[in-house]
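Participant: Structure file model-v9.pdb, PDB, C-alpha atoms, is pasted below:
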ATOM      1  CA  MET A   1      -5.323  -3.555 -25.177  1.00  0.00           C
ATOM      2  CA  ASP A   2      -3.469  -1.573 -27.835  1.00  0.00           C
ATOM      3  CA  GLN A   3      -0.372  -3.542 -28.911  1.00  0.00           C
ATOM      4  CA  THR A   4       0.772  -1.016 -31.511  1.00  0.00           C
ATOM      5  CA  PHE A   5       3.836   0.201 -29.583  1.00  0.00           C
ATOM      6  CA  LYS A   6       4.290  -2.365 -26.825  1.00  0.00           C
ATOM      7  CA  PHE A   7       3.748  -6.093 -27.311  1.00  0.00           C
ATOM      8  CA  ASP A   8       3.063  -7.282 -23.770  1.00  0.00           C
ATOM      9  CA  ALA A   9      -0.260  -9.096 -24.041  1.00  0.00           C
ATOM     10  CA  GLY A  10      -0.173 -12.321 -22.062  1.00  0.00           C
ATOM     11  CA  LYS A  11       3.035 -11.446 -20.206  1.00  0.00           C
ATOM     12  CA  THR A  12       3.336 -11.862 -16.451  1.00  0.00           C
ATOM     13  CA  GLN A  13       1.963  -8.861 -14.550  1.00  0.00           C
ATOM     14  CA  LEU A  14       4.524  -8.602 -11.779  1.00  0.00           C
ATOM     15  CA  ARG A  15       2.882  -5.436 -10.486  1.00  0.00           C
ATOM     16  CA  LEU A  16       0.223  -7.731  -9.015  1.00  0.00           C
ATOM     17  CA  ILE A  17       2.678  -8.964  -6.364  1.00  0.00           C
ATOM     18  CA  GLU A  18       2.162  -7.140  -3.077  1.00  0.00           C
ATOM     19  CA  PRO A  19       5.173  -4.793  -2.601  1.00  0.00           C
ATOM     20  CA  ASP A  20       5.292  -5.488   1.153  1.00  0.00           C
ATOM     21  CA  PHE A  21       5.651  -9.201   0.379  1.00  0.00           C
ATOM     22  CA  ILE A  22       8.576  -8.560  -1.961  1.00  0.00           C
ATOM     23  CA  GLU A  23      10.173  -6.343   0.676  1.00  0.00           C
ATOM     24  CA  ALA A  24       9.697  -9.044   3.355  1.00  0.00           C
ATOM     25  CA  LEU A  25      11.447 -11.583   1.117  1.00  0.00           C
ATOM     26  CA  GLY A  26      14.264  -9.103   0.542  1.00  0.00           C
ATOM     27  CA  LYS A  27      14.676  -8.598   4.274  1.00  0.00           C
ATOM     28  CA  VAL A  28      14.957 -12.345   4.897  1.00  0.00           C
ATOM     29  CA  LEU A  29      17.431 -12.719   2.032  1.00  0.00           C
ATOM     30  CA  THR A  30      19.468  -9.766   3.340  1.00  0.00           C
ATOM     31  CA  PHE A  31      19.504 -11.300   6.818  1.00  0.00           C
ATOM     32  CA  GLY A  32      20.784 -14.576   5.355  1.00  0.00           C
ATOM     33  CA  ALA A  33      23.381 -12.871   3.169  1.00  0.00           C
ATOM     34  CA  THR A  34      24.687 -10.993   6.199  1.00  0.00           C
ATOM     35  CA  LYS A  35      24.709 -14.077   8.438  1.00  0.00           C
ATOM     36  CA  TYR A  36      26.289 -16.358   5.826  1.00  0.00           C
ATOM     37  CA  SER A  37      27.147 -14.841   2.435  1.00  0.00           C
ATOM     38  CA  VAL A  38      25.345 -13.703  -0.701  1.00  0.00           C
ATOM     39  CA  ASN A  39      23.838 -16.657  -2.588  1.00  0.00           C
ATOM     40  CA  SER A  40      25.370 -19.213  -0.213  1.00  0.00           C
ATOM     41  CA  TRP A  41      21.921 -20.833  -0.156  1.00  0.00           C
ATOM     42  CA  LYS A  42      22.595 -22.228  -3.638  1.00  0.00           C
ATOM     43  CA  ARG A  43      25.151 -24.650  -2.164  1.00  0.00           C
ATOM     44  CA  ILE A  44      22.792 -26.271   0.375  1.00  0.00           C
ATOM     45  CA  GLU A  45      20.761 -29.444  -0.094  1.00  0.00           C
ATOM     46  CA  PRO A  46      17.095 -28.625  -0.830  1.00  0.00           C
ATOM     47  CA  GLU A  47      15.933 -31.065   1.860  1.00  0.00           C
ATOM     48  CA  ARG A  48      17.320 -28.725   4.487  1.00  0.00           C
ATOM     49  CA  TYR A  49      15.162 -25.911   3.121  1.00  0.00           C
ATOM     50  CA  HIS A  50      12.116 -28.154   3.237  1.00  0.00           C
ATOM     51  CA  ASP A  51      12.763 -28.726   6.946  1.00  0.00           C
ATOM     52  CA  ALA A  52      13.373 -25.013   7.553  1.00  0.00           C
ATOM     53  CA  MET A  53      10.191 -24.098   5.697  1.00  0.00           C
ATOM     54  CA  LEU A  54       8.159 -26.475   7.844  1.00  0.00           C
ATOM     55  CA  ARG A  55       9.750 -25.178  11.065  1.00  0.00           C
ATOM     56  CA  HIS A  56       8.760 -21.616  10.172  1.00  0.00           C
ATOM     57  CA  ILE A  57       5.238 -22.625   9.184  1.00  0.00           C
ATOM     58  CA  LEU A  58       4.793 -24.639  12.378  1.00  0.00           C
ATOM     59  CA  ALA A  59       6.063 -21.760  14.519  1.00  0.00           C
ATOM     60  CA  TRP A  60       3.547 -19.490  12.776  1.00  0.00           C
ATOM     61  CA  GLN A  61       0.734 -22.030  13.239  1.00  0.00           C
ATOM     62  CA  LYS A  62       1.525 -22.145  16.956  1.00  0.00           C
ATOM     63  CA  GLY A  63       1.003 -18.385  17.108  1.00  0.00           C
ATOM     64  CA  GLU A  64       4.586 -17.122  16.889  1.00  0.00           C
ATOM     65  CA  LYS A  65       4.506 -14.523  14.116  1.00  0.00           C
ATOM     66  CA  VAL A  66       8.111 -13.284  14.292  1.00  0.00           C
ATOM     67  CA  ASP A  67      11.309 -15.337  14.176  1.00  0.00           C
ATOM     68  CA  LYS A  68      13.259 -14.703  17.377  1.00  0.00           C
ATOM     69  CA  GLU A  69      16.684 -14.634  15.718  1.00  0.00           C
ATOM     70  CA  SER A  70      15.956 -12.407  12.728  1.00  0.00           C
ATOM     71  CA  GLY A  71      12.996 -10.406  14.008  1.00  0.00           C
ATOM     72  CA  LEU A  72      11.262 -11.106  10.685  1.00  0.00           C
ATOM     73  CA  HIS A  73       7.924 -12.790   9.954  1.00  0.00           C
ATOM     74  CA  HIS A  74       7.997 -16.594   9.959  1.00  0.00           C
ATOM     75  CA  LEU A  75       5.935 -16.717   6.767  1.00  0.00           C
ATOM     76  CA  ALA A  76       8.508 -14.549   4.976  1.00  0.00           C
ATOM     77  CA  HIS A  77      11.163 -17.071   6.028  1.00  0.00           C
ATOM     78  CA  ALA A  78       8.929 -19.912   4.803  1.00  0.00           C
ATOM     79  CA  ALA A  79       8.373 -18.140   1.475  1.00  0.00           C
ATOM     80  CA  VAL A  80      12.113 -17.694   0.976  1.00  0.00           C
ATOM     81  CA  ASN A  81      12.625 -21.379   1.672  1.00  0.00           C
ATOM     82  CA  ILE A  82       9.957 -22.186  -0.927  1.00  0.00           C
ATOM     83  CA  MET A  83      11.851 -19.987  -3.393  1.00  0.00           C
ATOM     84  CA  PHE A  84      15.042 -21.945  -2.649  1.00  0.00           C
ATOM     85  CA  ILE A  85      13.267 -25.269  -3.177  1.00  0.00           C
ATOM     86  CA  MET A  86      11.681 -24.089  -6.432  1.00  0.00           C
ATOM     87  CA  TYR A  87      15.063 -22.852  -7.659  1.00  0.00           C
ATOM     88  CA  THR A  88      16.777 -26.194  -7.005  1.00  0.00           C
ATOM     89  CA  GLU A  89      13.897 -28.077  -8.626  1.00  0.00           C
ATOM     90  CA  SER A  90      14.140 -25.856 -11.698  1.00  0.00           C
ATOM     91  CA  LEU A  91      17.788 -26.908 -12.047  1.00  0.00           C
ATOM     92  CA  GLU A  92      16.951 -30.595 -11.679  1.00  0.00           C
ATOM     93  CA  TYR A  93      14.036 -30.646 -14.085  1.00  0.00           C
ATOM     94  CA  GLU A  94      14.936 -27.745 -16.360  1.00  0.00           C
ATOM     95  CA  HIS A  95      11.669 -25.965 -15.599  1.00  0.00           C
ATOM     96  CA  PRO A  96      12.377 -22.334 -14.771  1.00  0.00           C
ATOM     97  CA  ILE A  97      10.681 -20.872 -11.726  1.00  0.00           C
TER      98      ILE A  97
END
Take the structure in the file and give it back as C-alpha cells.
Facilitator:
Amino acid sequence: MDQTFKFDAGKTQLRLIEPDFIEALGKVLTFGATKYSVNSWKRIEPERYHDAMLRHILAWQKGEKVDKESGLHHLAHAAVNIMFIMYTESLEYEHPI
C-alpha cells in the first residue's frame, strides 16, 4: 500500500462493518432517544443493560425476531445494549471501546 500521501496503514477499516447493521443500531438508538431522551442511557446502571441484552437474545433464541414495542430486530437491541455495556466498562477501566 502506497503511504506517500495518506498514512493509514494499520488503521481500523470501518468500511468492513455491514451498513445495514449500522443502520439497525441507529434505528434502535433513535427509538430510545425518542422514548426517553438523547444519551439518557449514559445515566443507567450497566447491570440493567446486561439484563436487557439477555432478554432480547432470549426472545430471538425462542424465535421472535422483532421486538413487539419497537418493531426492530431483537439482535439490534442486544447489540445496542452491548455497546452501552462496553461504553460503561471503558469509563471504569479507561480502555476505550
Participant: Expand the PyMOL selection byres ((chain A and resi 44-52) around 8) into the explicit residue set it covers here, and present it as a list of chain:residue names.
Facilitator: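 Selected by the PyMOL selection byres ((chain A and resi 44-52) around 8) in this file: A:Ser40, A:Trp41, A:Lys42, A:Arg43, A:Met53, A:Leu54, A:Arg55, A:His56, A:Ala78, A:Asn81, A:Ile82, A:Phe84, A:Ile85, A:Thr88.
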Participant: Find the residues near range 60-62 of chain A: any atom within 12 Å, counting all atoms listed in the file, skip ones fewer than 6 places away on the same chain, and give them as a count of residues only.
Facilitator: 10
Participant: How many Å separate CA of Leu29 in chain A from CA of Glu92 in chain A?
Facilitator: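 A separation of 22.5 Å between them.
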Participant: Could you work out how far CA of Glu89 in chain A lies from CA of Val66 in chain A, giving the answer in Å with one decimal?
Facilitator: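 Distance reported for this atom pair: 27.9 Å.
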Participant: So the first atom is CA of Gly32 in chain A and the second is CA of Val80 in chain A; what is the distance between them in Å, to one decimal place?
Facilitator: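 CA of Gly32 in chain A sits 10.2 Å away from CA of Val80 in chain A.
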Participant: Can you patch up range 47-58 of chain A, filling it in to all heavy atoms, and show the result as a compact mmCIF listing (two decimals), in the coordinates of the input?
Facilitator:
# COMPACT_ATOMS: atom_id res chain seq x y z
N GLU A 47 16.65 -30.44 0.75
CA GLU A 47 15.93 -31.06 1.86
C GLU A 47 16.03 -30.22 3.13
O GLU A 47 15.09 -30.18 3.93
CB GLU A 47 16.49 -32.47 2.14
CG GLU A 47 16.32 -33.44 1.00
CD GLU A 47 17.41 -33.31 -0.07
OE1 GLU A 47 18.47 -32.69 0.18
OE2 GLU A 47 17.17 -33.81 -1.19
N ARG A 48 17.15 -29.56 3.30
CA ARG A 48 17.32 -28.72 4.49
C ARG A 48 16.38 -27.53 4.45
O ARG A 48 15.90 -27.07 5.48
CB ARG A 48 18.78 -28.29 4.61
CG ARG A 48 19.68 -29.50 4.90
CD ARG A 48 21.13 -29.16 4.89
NE ARG A 48 21.49 -28.29 5.99
CZ ARG A 48 22.71 -27.79 6.16
NH1 ARG A 48 23.67 -28.10 5.32
NH2 ARG A 48 22.97 -26.99 7.17
N TYR A 49 16.10 -27.03 3.25
CA TYR A 49 15.16 -25.91 3.12
C TYR A 49 13.73 -26.37 3.33
O TYR A 49 12.90 -25.61 3.81
CB TYR A 49 15.34 -25.20 1.79
CG TYR A 49 16.67 -24.50 1.74
CD1 TYR A 49 17.64 -24.83 0.81
CD2 TYR A 49 16.98 -23.53 2.69
CE1 TYR A 49 18.86 -24.20 0.81
CE2 TYR A 49 18.20 -22.90 2.69
CZ TYR A 49 19.14 -23.24 1.75
OH TYR A 49 20.36 -22.62 1.77
N HIS A 50 13.45 -27.60 2.98
CA HIS A 50 12.12 -28.15 3.24
C HIS A 50 11.88 -28.20 4.75
O HIS A 50 10.82 -27.78 5.23
CB HIS A 50 12.00 -29.55 2.61
CG HIS A 50 10.65 -30.14 2.75
ND1 HIS A 50 10.37 -31.15 3.65
CD2 HIS A 50 9.48 -29.87 2.13
CE1 HIS A 50 9.10 -31.47 3.57
NE2 HIS A 50 8.53 -30.71 2.65
N ASP A 51 12.88 -28.69 5.48
CA ASP A 51 12.76 -28.73 6.95
C ASP A 51 12.62 -27.32 7.53
O ASP A 51 11.78 -27.09 8.40
CB ASP A 51 13.99 -29.41 7.56
CG ASP A 51 14.03 -30.91 7.30
OD1 ASP A 51 12.96 -31.50 7.05
OD2 ASP A 51 15.13 -31.48 7.35
N ALA A 52 13.43 -26.39 7.04
CA ALA A 52 13.37 -25.01 7.55
C ALA A 52 12.02 -24.38 7.27
O ALA A 52 11.44 -23.71 8.12
CB ALA A 52 14.50 -24.18 6.94
N MET A 53 11.50 -24.62 6.05
CA MET A 53 10.19 -24.10 5.70
C MET A 53 9.13 -24.60 6.67
O MET A 53 8.32 -23.83 7.18
CB MET A 53 9.83 -24.52 4.27
CG MET A 53 8.41 -24.16 3.85
SD MET A 53 7.84 -25.11 2.43
CE MET A 53 7.81 -26.77 3.08
N LEU A 54 9.14 -25.90 6.93
CA LEU A 54 8.16 -26.48 7.84
C LEU A 54 8.31 -25.94 9.26
O LEU A 54 7.31 -25.68 9.94
CB LEU A 54 8.25 -28.00 7.83
CG LEU A 54 7.79 -28.67 6.53
CD1 LEU A 54 8.08 -30.16 6.57
CD2 LEU A 54 6.32 -28.41 6.27
N ARG A 55 9.55 -25.74 9.73
CA ARG A 55 9.75 -25.18 11.06
C ARG A 55 9.14 -23.79 11.17
O ARG A 55 8.49 -23.46 12.16
CB ARG A 55 11.24 -25.12 11.41
CG ARG A 55 11.85 -26.46 11.78
CD ARG A 55 13.22 -26.30 12.39
NE ARG A 55 14.19 -25.68 11.49
CZ ARG A 55 14.96 -26.33 10.63
NH1 ARG A 55 14.88 -27.66 10.54
NH2 ARG A 55 15.82 -25.69 9.87
N HIS A 56 9.32 -22.97 10.15
CA HIS A 56 8.76 -21.62 10.17
C HIS A 56 7.24 -21.65 10.10
O HIS A 56 6.56 -20.89 10.81
CB HIS A 56 9.34 -20.77 9.04
CG HIS A 56 10.74 -20.32 9.31
ND1 HIS A 56 11.05 -19.41 10.29
CD2 HIS A 56 11.91 -20.67 8.74
CE1 HIS A 56 12.35 -19.21 10.30
NE2 HIS A 56 12.90 -19.97 9.36
N ILE A 57 6.69 -22.52 9.28
CA ILE A 57 5.24 -22.62 9.18
C ILE A 57 4.66 -23.13 10.51
O ILE A 57 3.64 -22.61 10.99
CB ILE A 57 4.82 -23.52 8.00
CG1 ILE A 57 5.14 -22.80 6.68
CG2 ILE A 57 3.34 -23.88 8.07
CD1 ILE A 57 4.95 -23.65 5.44
N LEU A 58 5.29 -24.12 11.10
CA LEU A 58 4.79 -24.64 12.38
C LEU A 58 4.87 -23.59 13.48
O LEU A 58 3.94 -23.47 14.30
CB LEU A 58 5.57 -25.90 12.78
CG LEU A 58 5.27 -27.14 11.94
CD1 LEU A 58 6.23 -28.26 12.31
CD2 LEU A 58 3.84 -27.58 12.11
